[in-house]
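Asker: Sharing a structure, written as structure tokens. Questions coming.
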Amino acid sequence: MTAAAGGPADERIMTVSERSPHALASRLETWLAGRLGAAARPVVSGVRIPRTSGLSSISVLFEADWTDTGTGSRRSGGYVARLAPEAAAIPVFPHYDLALQFDVIGQVAARSPVPVPPLRWNETDPAPLGSPFFVMDQVDGLIPLDNPPYVFAGWLPEAAPADRARLERASIEILAQVHAIADPVTAFPGLRPPEGVDTLRRHVDEQRAYYLWALAGDGIQVPIIERGLDWLSRHWPDEHGPDVLSWGDARIGNIVYRDFTPVAVLDWEMAALGPRELDVAWFIFLHRFFQDLARTYGLPGLPDLLRRADVERHYQEVSGQPLRNLDFYLVYAALRHAIVMARVKRRMIHFGEDQVPGDPDDYVLHRASLEHLLDGTYRWD
């Protein structure tokens, strides 16, 4: 969720993990032998942590082959281990419940047509790799990049407008399919709030706590974030729709595409129960975050992609459900992203990759957009 510095096509090099791929290969191999049995003689190779790996959970890609002790034949495949970041890496989030993510992905696969990577193993013991992790299959395809942002260059800007439109429609339909999962309170007990607690209230309260942990706990106060939290209290919706499974980090940068069609939906660490507008607003705003960034560089970006009115209309058509108070949720999306971006800047400063800003509001990369949203002057057209 970070942008290039110095030029629109530049990749910003950021510390995502201090783990050694060589050490991980040996430890993964030992762990896999314990899972499969010594007779399987597993071999792990090609261990790598992509520079495009997220700044929250860490993705470790590797190949493995072993002997199937039942048939005696050799099996192989490409896999992804999702790990919580080490404490020394200044994590973006305070908690990483990998077992819950594993369960959410499994339930999404069992209860919906949403494509997710096939799950393999869940390891709750931190000893093998230094933190709990789970393993899933690698899924081949293309992902719109965050770094540098996909609106600047690459396969999506080079695509034909009709193909981008097809990708947009299919991605919105993924949102509707996630939200259509029946009886989410029963399906996802690990996301269930305490009895009698409103899910939206809980969601916002957790964001307030996240801000205190991410910044204010270190004595850093960001006035525009605090203004945003006050704005939410003054503009609270009178009511909201039924609770659904909220994907959480709902954006095209978390989807693997093949021929402009989603083949895997990734990154469920922000999953929650709550109003459908949480995801729809995040989906709209995260693209606008990149599009506004392109405009600051004087670039066209992708103005025809994921326009607010288009997303609203198509989502309501395919879901059959109305969207309520979306202006509130769009401000909330921008505010949530402001806290994340401020935490990312905080950790980059720690690693010597950025400098302390003179104005604390500049911890927020999109402060101008957030200011316009808060005062009602942001232009969606």
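By convention in this document, the chains of the structure tokens carry letters A, B, ... by their order, each chain's residues are numbered from 1, and ligands are numbered from 1 in the order they are shown.
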Give me every strand (DSSP E or B) residue in stretch 41-283 of chain A, going by DSSP on the backbone, as number ranges by chain.
Answerer: A: 43-48, 58-67, 74-83, 119-123, 133-137, 142, 146, 149, 244-246, 255-258, 261-265, 272-274
Asker: Considering only C-alpha atoms, return as a list in words whatever protein or nucleic-acid residues lie within 8 Å of stretch 29-31 of chain A, sequence-local ones (same chain, fewer than 2 positions apart) excluded.
Answerer: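 What passes the distance filter is Ala25, Ser26, Arg27, Ala33, Gly34, Arg35, Pro42, Val43, Val44 and Pro128 of chain A.
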Asker: Would you write out those residues with N, CA and C atoms, as a PDB file, in the first residue's frame?
Answerer:
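So the final result, stored in out.pdb, reads:
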```pdb
ATOM      1  N   ALA A  25      14.811 -21.965   4.147  1.00  0.00           N
ATOM      2  CA  ALA A  25      14.773 -23.188   3.341  1.00  0.00           C
ATOM      3  C   ALA A  25      15.069 -24.403   4.206  1.00  0.00           C
ATOM      4  N   SER A  26      16.102 -24.301   5.021  1.00  0.00           N
ATOM      5  CA  SER A  26      16.468 -25.426   5.884  1.00  0.00           C
ATOM      6  C   SER A  26      15.377 -25.726   6.905  1.00  0.00           C
ATOM      7  N   ARG A  27      14.807 -24.672   7.482  1.00  0.00           N
ATOM      8  CA  ARG A  27      13.800 -24.860   8.520  1.00  0.00           C
ATOM      9  C   ARG A  27      12.491 -25.376   7.923  1.00  0.00           C
ATOM     10  N   ALA A  33       9.442 -32.407   6.736  1.00  0.00           N
ATOM     11  CA  ALA A  33       9.747 -33.802   7.047  1.00  0.00           C
ATOM     12  C   ALA A  33       8.957 -34.254   8.269  1.00  0.00           C
ATOM     13  N   GLY A  34       8.773 -33.357   9.226  1.00  0.00           N
ATOM     14  CA  GLY A  34       7.962 -33.696  10.392  1.00  0.00           C
ATOM     15  C   GLY A  34       6.500 -33.882  10.045  1.00  0.00           C
ATOM     16  N   ARG A  35       6.033 -33.111   9.088  1.00  0.00           N
ATOM     17  CA  ARG A  35       4.622 -33.216   8.669  1.00  0.00           C
ATOM     18  C   ARG A  35       4.380 -34.472   7.832  1.00  0.00           C
ATOM     19  N   PRO A  42      11.552 -34.883   1.961  1.00  0.00           N
ATOM     20  CA  PRO A  42      11.212 -33.645   1.246  1.00  0.00           C
ATOM     21  C   PRO A  42      12.446 -32.800   0.943  1.00  0.00           C
ATOM     22  N   VAL A  43      12.382 -32.112  -0.182  1.00  0.00           N
ATOM     23  CA  VAL A  43      13.424 -31.173  -0.592  1.00  0.00           C
ATOM     24  C   VAL A  43      12.744 -29.838  -0.879  1.00  0.00           C
ATOM     25  N   VAL A  44      13.215 -28.802  -0.222  1.00  0.00           N
ATOM     26  CA  VAL A  44      12.669 -27.457  -0.404  1.00  0.00           C
ATOM     27  C   VAL A  44      13.690 -26.625  -1.167  1.00  0.00           C
ATOM     28  N   PRO A 128       9.032 -23.759  14.526  1.00  0.00           N
ATOM     29  CA  PRO A 128       9.712 -24.106  13.266  1.00  0.00           C
ATOM     30  C   PRO A 128      10.273 -22.915  12.498  1.00  0.00           C
TER      31      PRO A 128
END
```
Asker: Select, from A:Leu330, A:Ser246, A:Gly228, A:Asn254, the residue with the minimum atom-to-atom distance to A:Leu374, counting only C-alpha atoms.
Answerer: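 Checking each of A:Leu330, A:Ser246, A:Gly228, A:Asn254 against A:Leu374, counting only C-alpha atoms, the winner is A:Gly228.
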Asker: Compile the contact shell of A:His203 as a list in words: residues with an atom at most 10 Å away, counting only C-alpha atoms, same-chain residues fewer than 5 positions apart removed.
Answerer: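 So, after excluding close chain neighbours, the residues are Pro193, Asp198, Arg208, Ala272, Leu273, Gly274 and Leu278 of chain A.
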Asker: One decimal, Å: what's the distance from atom CA of A:Leu98 over to atom CA of A:Arg276, could you say?
Answerer: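 About the pair atom CA of A:Leu98 and atom CA of A:Arg276: they are 23.5 Å apart.
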Asker: Could you state the separation of atom CA of A:Ala342 and atom CA of A:Trp247 in Å, given to one decimal place?
Answerer: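 Taking atom CA of A:Ala342 as the start and atom CA of A:Trp247 as the end point, the length is 22.1 Å.
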Asker: Could you name the residues that touch A:Leu373 at 9 Å or less, counting only C-alpha atoms, but leaving out those on the same chain fewer than 3 positions away, as a list in words?
Answerer: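 Result of the neighbour search: Asp327, Leu330, Val331, Ala334, Ala368, Ser369, Leu370, Gly376, Thr377, Tyr378 and Arg379 of chain A.
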Asker: For the selection you just gave me, I'd like the residues written to a file as a PDB file, in the first residue's frame, keeping N, CA and C atoms.
Answerer:
```
ATOM      1  N   ASP A 327     -21.067   7.666   1.582  1.00  0.00           N
ATOM      2  CA  ASP A 327     -20.153   8.775   1.861  1.00  0.00           C
ATOM      3  C   ASP A 327     -19.449   8.564   3.200  1.00  0.00           C
ATOM      4  N   LEU A 330     -16.799   5.856   2.782  1.00  0.00           N
ATOM      5  CA  LEU A 330     -15.641   6.289   1.996  1.00  0.00           C
ATOM      6  C   LEU A 330     -14.690   7.134   2.841  1.00  0.00           C
ATOM      7  N   VAL A 331     -15.245   8.018   3.661  1.00  0.00           N
ATOM      8  CA  VAL A 331     -14.387   8.761   4.589  1.00  0.00           C
ATOM      9  C   VAL A 331     -13.696   7.786   5.537  1.00  0.00           C
ATOM     10  N   ALA A 334     -10.811   6.058   3.819  1.00  0.00           N
ATOM     11  CA  ALA A 334      -9.649   6.946   3.709  1.00  0.00           C
ATOM     12  C   ALA A 334      -8.958   7.108   5.054  1.00  0.00           C
ATOM     13  N   ALA A 368      -4.138  15.276   1.484  1.00  0.00           N
ATOM     14  CA  ALA A 368      -4.955  16.235   0.721  1.00  0.00           C
ATOM     15  C   ALA A 368      -6.317  15.635   0.402  1.00  0.00           C
ATOM     16  N   SER A 369      -6.338  14.360  -0.038  1.00  0.00           N
ATOM     17  CA  SER A 369      -7.615  13.714  -0.334  1.00  0.00           C
ATOM     18  C   SER A 369      -8.461  13.588   0.927  1.00  0.00           C
ATOM     19  N   LEU A 370      -7.827  13.209   2.036  1.00  0.00           N
ATOM     20  CA  LEU A 370      -8.576  13.057   3.277  1.00  0.00           C
ATOM     21  C   LEU A 370      -9.127  14.398   3.752  1.00  0.00           C
ATOM     22  N   GLY A 376     -15.940  17.832   2.728  1.00  0.00           N
ATOM     23  CA  GLY A 376     -17.008  17.663   1.749  1.00  0.00           C
ATOM     24  C   GLY A 376     -16.707  18.221   0.377  1.00  0.00           C
ATOM     25  N   THR A 377     -15.434  18.478   0.063  1.00  0.00           N
ATOM     26  CA  THR A 377     -15.097  19.068  -1.237  1.00  0.00           C
ATOM     27  C   THR A 377     -14.374  18.106  -2.171  1.00  0.00           C
ATOM     28  N   TYR A 378     -14.267  16.842  -1.777  1.00  0.00           N
ATOM     29  CA  TYR A 378     -13.599  15.878  -2.655  1.00  0.00           C
ATOM     30  C   TYR A 378     -14.472  15.607  -3.871  1.00  0.00           C
ATOM     31  N   ARG A 379     -13.856  15.597  -5.060  1.00  0.00           N
ATOM     32  CA  ARG A 379     -14.602  15.405  -6.307  1.00  0.00           C
ATOM     33  C   ARG A 379     -14.398  13.994  -6.823  1.00  0.00           C
TER      34      ARG A 379
END
```
Asker: Might you pull out every residue within 9 Å of A:Glu173, with only C-alpha atoms counted and same-chain residues fewer than 6 positions away left off, and present them as a ChimeraX atom specification?
Answerer: /A:314-315,318-319
Asker: So which residues touch A:Ser59 within 7 Å, counting only C-alpha atoms, skipping near sequence neighbours fewer than 5 positions away, as number ranges by chain?
Answerer: A: 49, 53, 80-83
Asker: Determine the nearest neighbour of A:Thr296 from the options A:Arg192, A:Lys345, A:Arg111, A:His366, counting only C-alpha atoms.
Answerer: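 The shortest atom-to-atom distance to A:Thr296 comes from A:His366.
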Asker: Calculated over only C-alpha atoms, which of the candidates A:Leu36, A:Ala264, A:Ala338, A:Val92 has the smallest distance to A:Asp361?
Answerer: A:Ala338
Asker: Hey, what does DSSP flag as helix (DSSP H, G or I) within stretch 161-377 of chain A? Can you give it to me as a PyMOL selection string?
Answerer: chain A and resi 161-179+184-187+189-191+199-214+216-218+223-234+252-254+277-296+308-319+326-350+360-363+367-375
